[in-house]
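Below is my_file02.txt, holding compact mmCIF, C-alpha atoms.
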```
# COMPACT_ATOMS: atom_id res chain seq x y z
CA MET A 1020 23.95 84.13 -116.43
CA PRO A 1021 22.41 84.45 -112.96
CA GLU A 1022 19.32 86.59 -112.67
CA GLU A 1023 19.87 90.14 -111.52
CA ALA A 1024 18.55 90.76 -108.00
CA TRP A 1025 16.52 93.87 -107.19
CA ARG A 1026 15.42 94.94 -103.75
CA THR A 1027 11.74 95.00 -102.90
CA LEU A 1028 10.33 97.11 -100.09
CA ASP A 1029 7.00 97.09 -98.29
CA VAL A 1030 7.32 100.46 -96.65
CA GLU A 1031 4.28 102.58 -95.92
CA TYR A 1032 3.27 105.12 -93.32
CA ASP A 1033 -0.01 106.44 -92.01
CA ASP A 1034 1.43 109.88 -92.70
CA PRO A 1035 0.98 110.52 -96.45
CA TYR A 1036 3.67 113.21 -96.49
CA MET A 1037 6.21 110.68 -95.22
CA ASN A 1038 5.10 108.23 -97.90
CA LEU A 1039 6.02 110.76 -100.59
CA ALA A 1040 9.26 111.71 -98.85
CA VAL A 1041 10.35 108.06 -98.95
CA GLU A 1042 9.19 107.89 -102.58
CA GLU A 1043 11.83 110.51 -103.46
CA ALA A 1044 14.56 109.28 -101.10
CA ILE A 1045 14.74 105.84 -102.73
CA PRO A 1046 15.52 106.90 -106.34
CA ARG A 1047 18.05 109.43 -105.03
CA LYS A 1048 19.93 106.69 -103.16
CA VAL A 1049 19.61 104.22 -106.06
CA GLY A 1050 21.23 106.85 -108.29
CA GLU A 1051 24.07 107.25 -105.78
CA CYS A 1052 24.64 103.47 -105.96
CA LYS A 1053 23.99 103.26 -102.20
CA VAL A 1054 21.19 100.74 -102.66
CA PRO A 1055 20.22 98.28 -105.42
CA ASN A 1056 17.53 98.81 -108.04
CA THR A 1057 14.33 98.81 -106.05
CA VAL A 1058 10.62 98.11 -106.30
CA ARG A 1059 8.56 99.59 -103.47
CA PHE A 1060 4.96 98.64 -102.72
CA TRP A 1061 2.91 100.95 -100.53
CA ARG A 1062 -0.46 102.55 -99.85
CA ASN A 1063 -1.87 105.84 -98.67
CA LEU A 1064 -4.80 105.92 -96.25
CA ASN A 1065 -6.88 108.61 -97.91
CA ALA A 1066 -5.21 111.12 -100.19
CA VAL A 1067 -5.34 112.97 -103.48
CA VAL A 1068 -1.87 113.06 -105.01
CA ILE A 1069 -1.44 115.67 -107.72
CA GLY A 1070 1.28 115.87 -110.38
CA CYS A 1071 4.17 118.28 -109.87
CA PHE A 1072 2.93 120.67 -112.57
CA GLN A 1073 -0.70 120.71 -111.46
CA SER A 1074 -2.59 123.34 -109.53
CA ALA A 1075 -4.37 121.86 -106.52
CA LYS A 1076 -6.98 124.60 -106.74
CA LEU A 1077 -7.83 123.64 -110.32
CA GLU A 1078 -7.71 119.86 -110.01
CA VAL A 1079 -9.09 119.05 -106.59
CA ASN A 1080 -12.43 119.63 -104.92
CA PHE A 1081 -11.32 121.05 -101.57
CA GLU A 1082 -14.79 120.88 -100.06
CA ALA A 1083 -15.14 117.19 -100.88
CA CYS A 1084 -11.65 116.53 -99.50
CA LYS A 1085 -12.63 118.25 -96.27
CA ASN A 1086 -15.81 116.17 -96.02
CA PHE A 1087 -13.99 112.88 -96.59
CA GLY A 1088 -10.87 113.77 -94.57
CA THR A 1089 -8.75 113.45 -97.70
CA THR A 1090 -5.23 114.93 -97.65
CA ILE A 1091 -4.00 116.79 -100.73
CA LEU A 1092 -0.37 116.15 -101.66
CA ARG A 1093 2.00 116.94 -104.49
CA ARG A 1094 4.44 114.31 -105.79
CA PHE A 1095 7.75 115.00 -107.55
CA THR A 1096 6.65 113.49 -110.88
CA GLY A 1097 4.35 114.93 -113.53
CA GLY A 1098 1.06 113.56 -114.78
CA GLY A 1099 -2.44 113.82 -113.37
CA ALA A 1100 -4.10 113.73 -109.98
CA VAL A 1101 -4.93 110.36 -108.44
CA TYR A 1102 -7.03 109.33 -105.48
CA GLN A 1103 -5.43 106.77 -103.16
CA ASP A 1104 -6.96 104.86 -100.27
CA HIS A 1105 -6.10 101.52 -98.65
CA GLY A 1106 -7.70 99.81 -101.66
CA SER A 1107 -5.14 101.38 -103.99
CA LEU A 1108 -1.78 99.69 -104.41
CA ASN A 1109 1.16 101.89 -105.35
CA TYR A 1110 4.28 100.45 -106.92
CA ALA A 1111 7.46 102.42 -107.53
CA ILE A 1112 10.42 101.23 -109.61
CA SER A 1113 13.85 102.84 -109.29
CA ILE A 1114 16.49 101.68 -111.77
CA ARG A 1115 19.94 103.12 -112.15
CA LYS A 1116 20.38 105.11 -115.36
CA GLY A 1117 22.09 103.18 -118.13
CA HIS A 1118 20.36 99.87 -117.34
CA SER A 1119 19.75 97.81 -120.47
CA LEU A 1120 16.03 97.74 -119.74
CA ILE A 1121 15.63 101.47 -120.29
CA PRO A 1122 15.00 102.73 -123.82
CA LYS A 1123 16.01 106.22 -124.96
CA ASP A 1124 12.48 107.14 -125.96
CA LEU A 1125 10.43 108.30 -122.97
CA SER A 1126 7.08 107.07 -124.32
CA GLU A 1127 8.61 103.64 -124.75
CA ALA A 1128 10.00 103.82 -121.20
CA PHE A 1129 6.47 104.26 -119.85
CA LYS A 1130 5.38 101.17 -121.76
CA ILE A 1131 8.28 99.01 -120.62
CA LEU A 1132 8.10 100.14 -117.01
CA SER A 1133 4.36 99.45 -116.94
CA SER A 1134 4.81 95.99 -118.43
CA GLY A 1135 5.59 94.34 -115.09
CA ALA A 1136 2.29 95.56 -113.66
CA VAL A 1137 0.44 94.59 -116.86
CA GLU A 1138 1.96 91.09 -116.62
CA GLY A 1139 0.96 90.81 -112.96
CA LEU A 1140 -2.64 91.80 -113.67
CA ARG A 1141 -2.77 89.30 -116.53
CA MET A 1142 -1.68 86.60 -114.06
CA LEU A 1143 -4.90 87.38 -112.21
CA GLY A 1144 -6.78 86.46 -115.38
CA LEU A 1145 -7.48 90.03 -116.40
CA ASN A 1146 -7.17 91.35 -119.93
CA ALA A 1147 -4.90 94.21 -118.86
CA GLU A 1148 -3.31 96.37 -121.53
CA PHE A 1149 -0.93 99.30 -121.58
CA LYS A 1150 -2.68 102.38 -122.89
CA PRO A 1151 -0.45 105.30 -123.93
CA LEU A 1152 0.67 107.56 -122.55
CA SER A 1153 0.99 105.84 -119.19
CA ASP A 1154 -2.22 104.05 -118.24
CA ILE A 1155 -3.23 100.43 -117.78
CA GLN A 1156 -6.72 99.58 -118.96
CA ILE A 1157 -9.01 96.61 -118.63
CA SER A 1158 -11.84 96.37 -121.17
CA GLY A 1159 -11.31 100.01 -122.12
CA ARG A 1160 -11.47 101.34 -118.58
CA LYS A 1161 -8.54 102.74 -116.63
CA VAL A 1162 -7.35 100.73 -113.64
CA SER A 1163 -3.95 102.35 -113.18
CA GLY A 1164 -2.09 105.52 -114.04
CA ALA A 1165 1.64 106.04 -113.89
CA ALA A 1166 4.25 108.77 -113.97
CA GLY A 1167 7.99 108.85 -114.14
CA SER A 1168 11.15 110.84 -113.89
CA MET A 1169 14.75 110.61 -115.01
CA ARG A 1170 17.03 112.40 -112.57
CA TRP A 1171 19.54 111.83 -109.80
CA GLY A 1172 21.08 109.13 -112.00
CA THR A 1173 17.91 107.06 -111.77
CA VAL A 1174 15.02 106.13 -114.01
CA PHE A 1175 11.97 106.23 -111.79
CA HIS A 1176 8.46 105.00 -112.55
CA HIS A 1177 5.49 104.75 -110.22
CA GLY A 1178 1.89 103.73 -110.66
CA SER A 1179 -1.26 103.51 -108.61
CA ILE A 1180 -3.54 100.52 -109.12
CA LEU A 1181 -7.20 100.64 -108.13
CA VAL A 1182 -7.68 97.27 -106.43
CA ASN A 1183 -10.83 97.86 -104.43
CA SER A 1184 -10.70 101.63 -103.99
CA ASN A 1185 -13.72 103.74 -103.18
CA LEU A 1186 -14.63 105.12 -106.61
CA SER A 1187 -17.45 107.15 -105.14
CA ILE A 1188 -15.00 109.23 -103.09
CA LEU A 1189 -12.53 109.28 -106.00
CA SER A 1190 -15.07 110.82 -108.34
CA LYS A 1191 -15.98 113.49 -105.80
CA VAL A 1192 -12.54 114.59 -104.62
CA LEU A 1193 -11.16 114.74 -108.16
CA SER A 1194 -14.28 116.45 -109.36
CA SER A 1195 -14.65 119.92 -110.72
CA SER A 1196 -15.35 122.44 -108.00
CA ASP A 1197 -17.95 123.86 -110.37
CA ARG A 1198 -21.18 122.42 -109.00
CA ARG A 1199 -22.86 122.64 -112.42
CA LEU A 1200 -20.32 120.11 -113.76
CA GLU A 1201 -20.08 117.92 -110.68
CA ASP A 1202 -22.79 115.37 -111.49
CA LYS A 1203 -21.61 115.01 -115.06
CA HIS A 1204 -18.06 114.46 -113.83
CA VAL A 1205 -19.05 111.77 -111.32
CA GLN A 1206 -20.91 109.85 -114.03
CA SER A 1207 -18.03 110.23 -116.45
CA VAL A 1208 -15.47 108.90 -113.92
CA ARG A 1209 -17.62 105.86 -113.21
CA LYS A 1210 -17.74 105.06 -116.93
CA THR A 1211 -14.04 105.44 -117.59
CA VAL A 1212 -12.43 104.08 -114.40
CA THR A 1213 -12.64 100.60 -112.89
CA THR A 1214 -11.16 98.48 -110.10
CA ILE A 1215 -9.57 95.02 -110.05
CA ARG A 1216 -12.41 93.84 -107.79
CA ASP A 1217 -15.08 94.99 -110.24
CA GLU A 1218 -13.29 93.45 -113.20
CA LEU A 1219 -12.79 90.12 -111.44
CA GLY A 1220 -16.31 90.15 -110.02
CA ARG A 1221 -15.03 89.00 -106.62
CA ASP A 1222 -13.43 90.41 -103.51
CA ILE A 1223 -9.67 90.58 -103.72
CA SER A 1224 -7.10 91.82 -101.26
CA VAL A 1225 -4.35 94.29 -102.04
CA ASP A 1226 -1.85 91.63 -100.86
CA GLU A 1227 -3.04 89.18 -103.51
CA VAL A 1228 -2.55 91.80 -106.23
CA LYS A 1229 0.85 92.69 -104.79
CA GLU A 1230 2.00 89.07 -104.99
CA LYS A 1231 0.99 88.89 -108.67
CA LEU A 1232 2.68 92.20 -109.38
CA ARG A 1233 5.90 90.90 -107.83
CA LYS A 1234 5.76 87.85 -110.09
CA GLY A 1235 4.79 89.98 -113.10
CA ILE A 1236 7.72 92.32 -112.54
CA GLU A 1237 10.16 89.43 -112.13
CA LYS A 1238 8.90 87.84 -115.34
CA ALA A 1239 8.74 91.02 -117.42
CA TYR A 1240 12.21 92.26 -116.48
CA LYS A 1241 13.85 88.84 -116.00
CA ILE A 1242 15.02 89.76 -112.52
CA ARG A 1243 14.62 88.37 -109.01
CA LEU A 1244 13.04 90.45 -106.27
CA VAL A 1245 14.63 90.11 -102.84
CA ASP A 1246 12.92 91.45 -99.73
CA GLY A 1247 14.84 94.34 -98.22
CA ILE A 1248 14.56 97.22 -95.82
CA LEU A 1249 14.94 100.97 -96.03
CA THR A 1250 18.52 101.87 -95.14
CA ARG A 1251 19.38 104.37 -92.41
CA GLU A 1252 20.61 106.77 -95.11
CA GLU A 1253 17.30 106.54 -96.93
CA GLU A 1254 15.40 107.11 -93.68
CA LEU A 1255 17.47 110.18 -92.88
CA LEU A 1256 17.02 111.61 -96.37
CA ALA A 1257 13.28 110.91 -96.24
CA GLU A 1258 13.07 112.72 -92.91
CA GLU A 1259 14.90 115.69 -94.40
CA LEU A 1260 12.60 115.73 -97.47
CA PHE A 1261 9.58 115.44 -95.19
CA GLN A 1262 10.67 118.51 -93.20
CA SER A 1263 11.86 120.67 -96.07
CA LYS A 1264 9.32 119.79 -98.75
CA TYR A 1265 6.52 117.25 -98.43
CA SER A 1266 4.99 118.40 -95.13
CA ARG A 1267 4.89 122.02 -96.33
CA GLU A 1268 1.79 123.72 -97.62
CA VAL A 1269 3.81 125.79 -100.06
CA TRP A 1270 4.92 122.59 -101.83
CA ASN A 1271 1.57 120.81 -101.74
CA LEU A 1272 -0.83 123.64 -102.47
CA GLY A 1273 1.47 126.43 -103.62
CA ILE A 1274 0.75 126.56 -107.35
CA MET B 1215 -9.68 145.48 -124.20
CA ARG B 1216 -8.56 142.72 -121.84
CA GLN B 1217 -5.36 144.57 -120.88
CA GLY B 1218 -4.29 144.06 -117.25
CA MET B 1219 -6.86 141.33 -116.62
CA ALA B 1220 -5.86 137.75 -115.90
CA LEU B 1221 -7.01 135.58 -118.78
CA LYS B 1222 -7.61 131.91 -118.08
CA GLY B 1223 -7.90 129.06 -120.52
CA ASP B 1224 -7.86 125.24 -120.57
CA TYR B 1225 -6.57 123.49 -123.65
CA LYS B 1226 -7.15 119.79 -124.14
CA VAL B 1227 -4.33 118.31 -126.20
CA PRO B 1228 -5.34 115.62 -128.70
CA GLY B 1229 -4.41 112.43 -126.83
CA GLY B 1230 -5.64 113.62 -123.48
CA LYS B 1231 -3.24 115.99 -121.72
CA MET B 1232 -4.60 119.25 -120.33
CA ILE B 1233 -2.74 122.57 -120.41
CA ARG B 1234 -4.17 125.27 -118.14
CA VAL B 1235 -2.96 128.80 -118.75
CA THR B 1236 -3.31 132.06 -116.83
CA ILE B 1237 -1.93 135.15 -118.57
CA GLU B 1238 -1.74 138.82 -117.88
CA GLU B 1239 -1.19 140.91 -120.98
CA LYS B 1240 -0.04 144.53 -121.12
CA ASP B 1241 0.74 146.65 -124.19
CA ASN B 1242 0.34 143.56 -126.37
CA ARG B 1243 3.01 141.70 -124.43
CA ILE B 1244 2.79 138.83 -121.96
CA ARG B 1245 3.29 140.38 -118.53
CA LYS B 1246 2.72 137.29 -116.39
CA ILE B 1247 2.07 133.65 -117.26
CA ALA B 1248 1.36 130.51 -115.27
CA ILE B 1249 1.03 127.14 -116.95
CA THR B 1250 -0.20 124.06 -115.10
CA GLY B 1251 -1.48 120.65 -116.12
CA ASP B 1252 -1.06 116.90 -116.03
CA LEU B 1253 2.15 117.22 -117.99
CA PHE B 1254 5.14 114.96 -118.56
CA PHE B 1255 7.85 117.58 -118.98
CA TYR B 1256 11.59 116.96 -118.60
CA PRO B 1257 13.73 118.12 -116.98
CA GLU B 1258 11.11 119.04 -114.43
CA GLU B 1259 13.34 121.74 -112.95
CA ALA B 1260 13.28 123.63 -116.26
CA PHE B 1261 9.56 124.36 -116.05
CA PRO B 1262 9.82 127.71 -114.20
CA GLN B 1263 12.46 128.85 -116.73
CA PHE B 1264 10.20 127.71 -119.56
CA GLU B 1265 7.42 129.95 -118.20
CA GLN B 1266 9.92 132.75 -117.63
CA THR B 1267 11.05 132.78 -121.28
CA LEU B 1268 7.50 133.74 -122.29
CA ILE B 1269 7.51 136.94 -120.21
CA ALA B 1270 7.64 140.14 -122.33
CA VAL B 1271 7.08 138.16 -125.52
CA ASN B 1272 4.69 139.78 -128.00
CA ALA B 1273 1.19 138.39 -127.64
CA ASP B 1274 1.07 137.08 -131.19
CA GLU B 1275 1.33 133.54 -132.47
CA GLU B 1276 4.61 133.89 -134.34
CA ALA B 1277 6.48 135.42 -131.40
CA ILE B 1278 5.08 132.86 -128.96
CA ARG B 1279 5.95 129.96 -131.26
CA GLU B 1280 9.48 131.25 -131.57
CA ALA B 1281 9.82 131.66 -127.79
CA VAL B 1282 8.45 128.17 -127.05
CA ASN B 1283 10.65 126.51 -129.68
CA LEU B 1284 13.71 128.39 -128.46
CA ALA B 1285 13.00 127.41 -124.84
CA TYR B 1286 12.69 123.74 -125.83
CA LYS B 1287 16.04 123.92 -127.58
CA LYS B 1288 17.86 126.03 -125.02
CA LEU B 1289 16.62 124.16 -121.95
CA GLY B 1290 16.82 120.70 -123.56
CA ILE B 1291 13.15 120.07 -122.92
CA VAL B 1292 11.53 116.77 -123.74
CA SER B 1293 7.80 116.35 -123.23
CA VAL B 1294 5.58 113.32 -123.64
CA GLY B 1295 1.99 113.74 -124.85
CA VAL B 1296 2.45 117.47 -125.38
CA GLU B 1297 4.32 119.16 -128.25
CA PRO B 1298 5.64 122.74 -128.38
CA ARG B 1299 2.77 123.58 -130.76
CA ASP B 1300 0.29 122.55 -128.03
CA PHE B 1301 1.71 125.16 -125.65
CA VAL B 1302 1.42 127.74 -128.44
CA ALA B 1303 -2.19 126.74 -129.13
CA ALA B 1304 -3.05 126.85 -125.41
CA ILE B 1305 -1.53 130.30 -124.99
CA MET B 1306 -3.16 131.70 -128.14
CA GLN B 1307 -6.54 130.33 -127.17
CA THR B 1308 -6.22 131.98 -123.76
CA LEU B 1309 -5.14 135.28 -125.28
CA ARG B 1310 -8.15 135.19 -127.59
CA GLY B 1311 -10.29 134.83 -124.50
CA GLU B 1312 -11.55 131.36 -125.33
CA PRO B 1313 -11.72 129.61 -121.95
CA ASP B 1314 -12.04 126.00 -123.17
CA ALA B 1315 -11.13 124.03 -126.25
```
Represent the structure of the file as structure tokens.
Amino acid sequence: MPEEAWRTLDVEYDDPYMNLAVEEAIPRKVGECKVPNTVRFWRNLNAVVIGCFQSAKLEVNFEACKNFGTTILRRFTGGGAVYQDHGSLNYAISIRKGHSLIPKDLSEAFKILSSGAVEGLRMLGLNAEFKPLSDIQISGRKVSGAAGSMRWGTVFHHGSILVNSNLSILSKVLSSSDRRLEDKHVQSVRKTVTTIRDELGRDISVDEVKEKLRKGIEKAYKIRLVDGILTREEELLAEELFQSKYSREVWNLGI
Amino acid sequence: MRQGMALKGDYKVPGGKMIRVTIEEKDNRIRKIAITGDLFFYPEEAFPQFEQTLIAVNADEEAIREAVNLAYKKLGIVSVGVEPRDFVAAIMQTLRGEPDA
């Protein structure tokens, strides 16, 4: 049987709000059968992305974000806040509901949909492991977190991998706003979080990690990734979502 | 008595998830409630209704457990890393005025 072909996209914007608008437009169009199952790779310049059930006020240090020029955004999936800069590689998988790859159990879905990234990181020679609920760890330290959603007829999973991200900024912007706890938090983050660069002990580009992830995803899901582009319909929907949701303060900071 | 005041509490679920609760209580009933956290809660759109079902519920453990369990059933909620009992524990801890667990 020929390998199933999925679309892969390298679509990123300087505008972080547009990045998240596109992130939602793709699974919506996959669910409508307008585009094939898709893996998108992308980066944000300098942003904290919080989960859809989180309060920005409680999870993000606004003062630190102001100092570092970090934008605060809300995504449409649950889970925890992540810091993303150009050293963080995001991958997003959209698969039409009913695909044989998708288990019924949601915890198991996180594991399976993280396995492509785990495989890719192992191809770099790293001892990467899935850590429930939705993390990837190397030597007991977190290198990636993920979140997912099942709606619009699509199973969606996205993760953010710390390739050579600035952990110093990460620990400050995701820190408690309570100054008494700030130092403790920074130390704690540095002990529990790592980057691909630190684990490899050498400089590595995001592109190199992306290439391995592509191969890891192809191997783990027994599919073939084919380079594609965002369709006009997806662009229009993303523009609409940008205007009505992602660029709005009420969505990003409202809770 | 804490009546009329907003009570805030953070509850760390075994396994790592965090449930943050803000409650206003009046006449031993929940008047307002806001729940936030790094949750995996499906369907996501049901979350406001989930919070809504806790309004006017007696501020005691049995009534809250019943309301949470009923909401899970009625709204078809599935959560990963957080069980209904964790929401009950988070709410009760907040009502008792214990800010952190």
Exercise for review: Might you pull out every residue within 12 Å of B:Val1302, with all atoms listed in the file counted and same-chain residues fewer than 6 positions away left off, and present them as JSON, numbers by chain?
Suggested key: {"B": [1225, 1227, 1233, 1234, 1235, 1249, 1268, 1273, 1274, 1275, 1276, 1277, 1278, 1279, 1280, 1281, 1282, 1283, 1296, 1308, 1309]}
Could you write out the selected residues, including C-alpha atoms, as an mmCIF file, in the frame of the given file?
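Printed below is out_39.cif as written:
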```
data_model
loop_
_atom_site.group_PDB
_atom_site.id
_atom_site.type_symbol
_atom_site.label_atom_id
_atom_site.label_comp_id
_atom_site.auth_asym_id
_atom_site.auth_seq_id
_atom_site.Cartn_x
_atom_site.Cartn_y
_atom_site.Cartn_z
ATOM 1 C CA TYR B 1225 -6.570 123.490 -123.650
ATOM 2 C CA VAL B 1227 -4.330 118.310 -126.200
ATOM 3 C CA ILE B 1233 -2.740 122.570 -120.410
ATOM 4 C CA ARG B 1234 -4.170 125.270 -118.140
ATOM 5 C CA VAL B 1235 -2.960 128.800 -118.750
ATOM 6 C CA ILE B 1249 1.030 127.140 -116.950
ATOM 7 C CA LEU B 1268 7.500 133.740 -122.290
ATOM 8 C CA ALA B 1273 1.190 138.390 -127.640
ATOM 9 C CA ASP B 1274 1.070 137.080 -131.190
ATOM 10 C CA GLU B 1275 1.330 133.540 -132.470
ATOM 11 C CA GLU B 1276 4.610 133.890 -134.340
ATOM 12 C CA ALA B 1277 6.480 135.420 -131.400
ATOM 13 C CA ILE B 1278 5.080 132.860 -128.960
ATOM 14 C CA ARG B 1279 5.950 129.960 -131.260
ATOM 15 C CA GLU B 1280 9.480 131.250 -131.570
ATOM 16 C CA ALA B 1281 9.820 131.660 -127.790
ATOM 17 C CA VAL B 1282 8.450 128.170 -127.050
ATOM 18 C CA ASN B 1283 10.650 126.510 -129.680
ATOM 19 C CA VAL B 1296 2.450 117.470 -125.380
ATOM 20 C CA THR B 1308 -6.220 131.980 -123.760
ATOM 21 C CA LEU B 1309 -5.140 135.280 -125.280
#
```
Practice item. Hey, list the chain B side of the contact with chain A: 9 Å cut-off, all atoms listed in the file, answer as a PyMOL selection string. Key: chain B and resi 1229-1231+1234+1248-1258+1261+1292-1295
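A straight line drawn from atom CA of A:Asn1185 to atom CA of A:Asp1104 is 7.4 Å long.
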Point to revise | Computed interatomic separation between atom CA of A:Gln1262 and atom CA of A:Leu1064 (Å) | key: 20.2 Å
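Atom pair atom CA of A:Gln1206 / atom CA of A:Ala1147: separated by 22.9 Å.
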Exercise for review: Name the residues in contact with A:Asn1056 at a cut-off of 6 Å, using all atoms listed in the file, excluding same-chain residues fewer than 3 positions from it; report them as an NGL selection string.
Suggested key: :A and (1025 or 1113-1114)
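Residues of protein, DNA and RNA with at least one atom no farther than 7 Å from (7.6, 95.1, -101.3) are, using all atoms listed in the file, Thr1027, Leu1028, Asp1029, Val1058, Arg1059, Phe1060 and Asp1246 of chain A.
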Practice item. Compile the contact shell of A:Ser1184 as a PyMOL selection string: residues with an atom at most 12 Å away, counting all atoms listed in the file, same-chain residues fewer than 3 positions apart removed. Key: chain A and resi 1062-1066+1101-1109+1162-1163+1179-1181+1187-1190+1212-1217+1222-1225
**Study point:** Selection near A:Asn1038, 9 Å with only C-alpha atoms, sequence-local residues under 4 positions removed, as number ranges by chain
**Key:** A: 1030-1034, 1042, 1061-1063, 1257, 1261
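Ranking A:Thr1089, A:Ala1040, A:Val1174, A:Arg1026 by their shortest atom-to-atom distance to A:Ser1119, with only C-alpha atoms included, puts A:Val1174 first.
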Show me, as an mmCIF file with C-alpha atoms, keeping the file's coordinate frame, the residues that have an atom within 9 Å of B:Thr1267 when counting all atoms listed in the file, minus same-chain residues fewer than 3 positions from it.
```
data_model
loop_
_atom_site.group_PDB
_atom_site.id
_atom_site.type_symbol
_atom_site.label_atom_id
_atom_site.label_comp_id
_atom_site.auth_asym_id
_atom_site.auth_seq_id
_atom_site.Cartn_x
_atom_site.Cartn_y
_atom_site.Cartn_z
ATOM 1 C CA PRO B 1262 9.820 127.710 -114.200
ATOM 2 C CA GLN B 1263 12.460 128.850 -116.730
ATOM 3 C CA PHE B 1264 10.200 127.710 -119.560
ATOM 4 C CA ALA B 1270 7.640 140.140 -122.330
ATOM 5 C CA VAL B 1271 7.080 138.160 -125.520
ATOM 6 C CA ALA B 1281 9.820 131.660 -127.790
ATOM 7 C CA VAL B 1282 8.450 128.170 -127.050
ATOM 8 C CA LEU B 1284 13.710 128.390 -128.460
ATOM 9 C CA ALA B 1285 13.000 127.410 -124.840
#
```
Check your understanding: List as a VMD selection string: which residues have an atom within 9 Å of (7.1, 140.4, -117.0), counting only C-alpha atoms?
Key -> chain B and resid 1243 to 1247 1266 1268 to 1271
